[in-house]
Amino acid sequence: MGMIDLRSDTVTQPTSEMRRAMAEAEVGDDVFGEDPTVNRLEAMAAERMGKEAALFVASGTMANLVSALTHCQRGDEMVLGTDAHIFVNEVGGVAAMGGIQVKAIPNDSRGKLDPETVEQAIRPDGLHFPSTGLVCMENTHNRGSGAAFTAQEMGAVTEVAHAHGVPVHLDGARIFNAAIALGVSPSSLAAEADTLNFCLSKGLSCPVGSVVCGSAEFIAKARKTRKMVGGGMRQAGVLAAAGVFALEHMVDRLAEDHDNAKRLAQGLAQLPGVVIDPSQVQTNIVIVEMMEKPPLEFISELKERGVLANYNLGRRVRFVTHHGINAEDIDEALDASEAVIRGKAHAG
Ligand code: TLP
């Protein structure tokens with residue numbers, strides 16, 4: 001029996017049609033701008049996000065890094081929430097490679113930034129202060145249990161940043177999940193940011209890749225930054241073909257992942273010592289707090305029963321639904337979770 005892998009939507013496998021599209025992709029040297037499939041993906045991405053241009057990069061981490069390096073000078077400050085993926089999970093890359101000082105401000109439990117707090121974090125002009133080079137948001141919010149923020153919620157932050165002449169970058173790794181959950185177009189969310197990236201290699205099931213979107217001028221600069229960090233790929237159309245396929249065929253089905261996540265959350269909420277409010281589950285991420293059983297113990301016993309979940313710091317355990325998971329898998333994962341939890345109660 002295979003494992004039910006709920007660690008992340010990054011574990012998704014390319015479908016056989018996607019593999020075929022990759023195998024048959026027309027390619028060229030993308031550093032010369034001559035890969036027709038990469039060019040097609042970039043044009044499609046820009047169009048979907050309502051931006052002038054786009055840039056295919058290797059990963060979400062590279063997308064955020066290239067964006068931050070393009071927006072900011074060394075010594076600039078970048079404002080983001082303490083739970084932002086860029087702050088928690090990207091190895092301090094913006095500091096290490098860009099000399100960018102991160103100013104992490106408190107976000108709420110769903111990862112939302114308060115516009116007033118953002119405004120207070122923006123530095124005034126002055127000899128002593130770093131310049132605020134960027135404000136970053138994340139939608140959906142990973143550590144915020146996949147929360148999806150509306151254009152209005154994002155717009156309130158963007159308005160404040162722009163009033164101070166500071167650009168806004170959106171880590172939209174899962175922007176399509178946000179758009180589907182809210183029933184809006186991704187471009188309506190992207191409109192609230194100057195630049196954004198989205199990931200192809202998560203819920204959209206591609207093996208590799210993310211796309212940065214923004215103005216033609218920004219993307220031209222970002223292309224050079226990508227080259228600097230070693231991200232100039234050559235016949236990358238083989239990878240981009242998966243992205244083209246995903247944008248055409250894999251977006252609408254994300255709704256299934258959201259339904260499965262809700263089903264999982266509702267089941268987990270019934271278990272003693274497992275805290276989760278299922279009404280807060282909007283997309284494909286379910287984070288529970290383990291009030292009794294130590295989370296790492298829970299995860300390892302769950303693994304023995306064929307279910308994989310991820311530790312999410314503190315008392316938190318994260319489950320992510322995706323293309324490789326169906327409703328039956330969710331029921332099995334719930335049975336396994338119940339056995340692990342009740343097992344402890346018996347032992348105690
Ligand atoms: N997130 C991964 C892990 O790194 C935690 C996951 O399993 O969720 N932005 C956001 C919001 C992300 O969730 C991730 C990946 C990234 C950026 C980075 O993408 P990759 O992994 O492609 O570098």
# chains A, B, ... in the order shown; residues from 1 in each chain; ligands from 1
$ select_by_dssp --residues "segment 204-279 of chain A" --states "strand (DSSP E or B)" --output "list in words"
Ser210, Val211, Val212, Cys213, Gly214, Val274 and Val275 of chain A
$ residues_near_ligand --ligand "ligand 1" --cutoff "6 Å" --atoms "only C-alpha atoms and all ligand atoms" --output "list in words"
Ser8, Thr10, Ser59, Gly60, Thr61, His85, Asn89, Asn142, Asp171 and Ala173 of chain A
$ atom_distance --atom1 "atom CA of Leu113 of chain A" --atom2 "atom CA of Lys202 of chain A"
24.1 Å
$ closest_atom_pairs --of "segment 200-271 of chain A" --to "segment 26-38 of chain A" --cutoff "10 Å" --atoms "only C-alpha atoms" --output "JSON lines"
{"residue": "A:Arg223", "atom": "CA", "partner": "A:Val31", "partner_atom": "CA", "distance": 9.2}
{"residue": "A:Lys227", "atom": "CA", "partner": "A:Val31", "partner_atom": "CA", "distance": 8.3}
{"residue": "A:Gly231", "atom": "CA", "partner": "A:Val31", "partner_atom": "CA", "distance": 9.6}
{"residue": "A:Gly232", "atom": "CA", "partner": "A:Val31", "partner_atom": "CA", "distance": 5.8}
{"residue": "A:Met233", "atom": "CA", "partner": "A:Asp30", "partner_atom": "CA", "distance": 6.3}
{"residue": "A:Arg234", "atom": "CA", "partner": "A:Asp29", "partner_atom": "CA", "distance": 4.6}
{"residue": "A:Gln235", "atom": "CA", "partner": "A:Asp29", "partner_atom": "CA", "distance": 5.2}
{"residue": "A:Ala236", "atom": "CA", "partner": "A:Val38", "partner_atom": "CA", "distance": 6.6}
{"residue": "A:Gly237", "atom": "CA", "partner": "A:Thr37", "partner_atom": "CA", "distance": 4.7}
{"residue": "A:Val238", "atom": "CA", "partner": "A:Val27", "partner_atom": "CA", "distance": 6.9}
{"residue": "A:Leu239", "atom": "CA", "partner": "A:Val38", "partner_atom": "CA", "distance": 8.2}
{"residue": "A:Ala240", "atom": "CA", "partner": "A:Val38", "partner_atom": "CA", "distance": 5.3}
{"residue": "A:Ala241", "atom": "CA", "partner": "A:Thr37", "partner_atom": "CA", "distance": 6.1}
{"residue": "A:Ala242", "atom": "CA", "partner": "A:Thr37", "partner_atom": "CA", "distance": 9.7}
{"residue": "A:Gly243", "atom": "CA", "partner": "A:Val38", "partner_atom": "CA", "distance": 9.0}
{"residue": "A:Val244", "atom": "CA", "partner": "A:Thr37", "partner_atom": "CA", "distance": 8.0}
$ write_last_selection --atoms "C-alpha atoms" --output "tab-separated table (two decimals), in the first residue's frame"
chain	number	residue	atom	x	y	z
A	223	ARG	CA	15.68	38.70	-15.94
A	227	LYS	CA	20.90	35.37	-14.54
A	231	GLY	CA	18.81	30.90	-12.85
A	232	GLY	CA	19.30	31.39	-16.58
A	233	MET	CA	18.16	28.05	-17.93
A	234	ARG	CA	18.66	26.94	-21.50
A	235	GLN	CA	16.16	24.54	-23.14
A	236	ALA	CA	13.78	25.19	-20.26
A	237	GLY	CA	10.79	24.70	-22.52
A	238	VAL	CA	10.76	21.07	-21.42
A	239	LEU	CA	9.84	22.39	-17.95
A	240	ALA	CA	7.73	25.30	-19.13
A	241	ALA	CA	5.55	22.91	-21.17
A	242	ALA	CA	4.33	21.44	-17.90
A	243	GLY	CA	3.42	24.96	-16.79
A	244	VAL	CA	1.50	25.70	-19.99
$ closest_residue --among "A:Lys224, A:Arg253, A:Arg305, A:Arg318" --to "Val57 of chain A" --atoms "only C-alpha atoms"
A:Lys224
$ residues_around --residues "Ser145 of chain A" --least-positions-apart "5" --cutoff "8 Å" --atoms "only C-alpha atoms" --output "list of chain:residue names"
A:Arg110, A:Val281, A:Ile285, A:Val286, A:Ile287
$ closest_residue --among "A:Thr195, A:Ser337, A:Gln280, A:Thr12" --to "Phe298 of chain A" --atoms "only C-alpha atoms"
A:Ser337
$ residues_around --residues "segment 97-107 of chain A" --least-positions-apart "6" --cutoff "6 Å" --atoms "only C-alpha atoms" --output "ChimeraX atom specification"
/A:69,74-82,113
$ closest_residue --among "A:Val275, A:Ala216, A:Val91, A:Ala179" --to "Arg48 of chain A" --atoms "only C-alpha atoms"
A:Ala179
$ closest_atom_pairs --of "segment 228-308 of chain A" --to "segment 183-192 of chain A" --cutoff "12 Å" --atoms "only C-alpha atoms" --output "tab-separated table"
residue	atom	partner	partner_atom	distance
A:Leu247	CA	A:Pro186	CA	11.8
A:Val251	CA	A:Pro186	CA	10.7
A:Asp252	CA	A:Gly183	CA	10.9
A:Leu254	CA	A:Gly183	CA	11.9
A:Ala255	CA	A:Gly183	CA	10.2
A:Gln282	CA	A:Gly183	CA	11.4
A:Thr283	CA	A:Gly183	CA	11.8
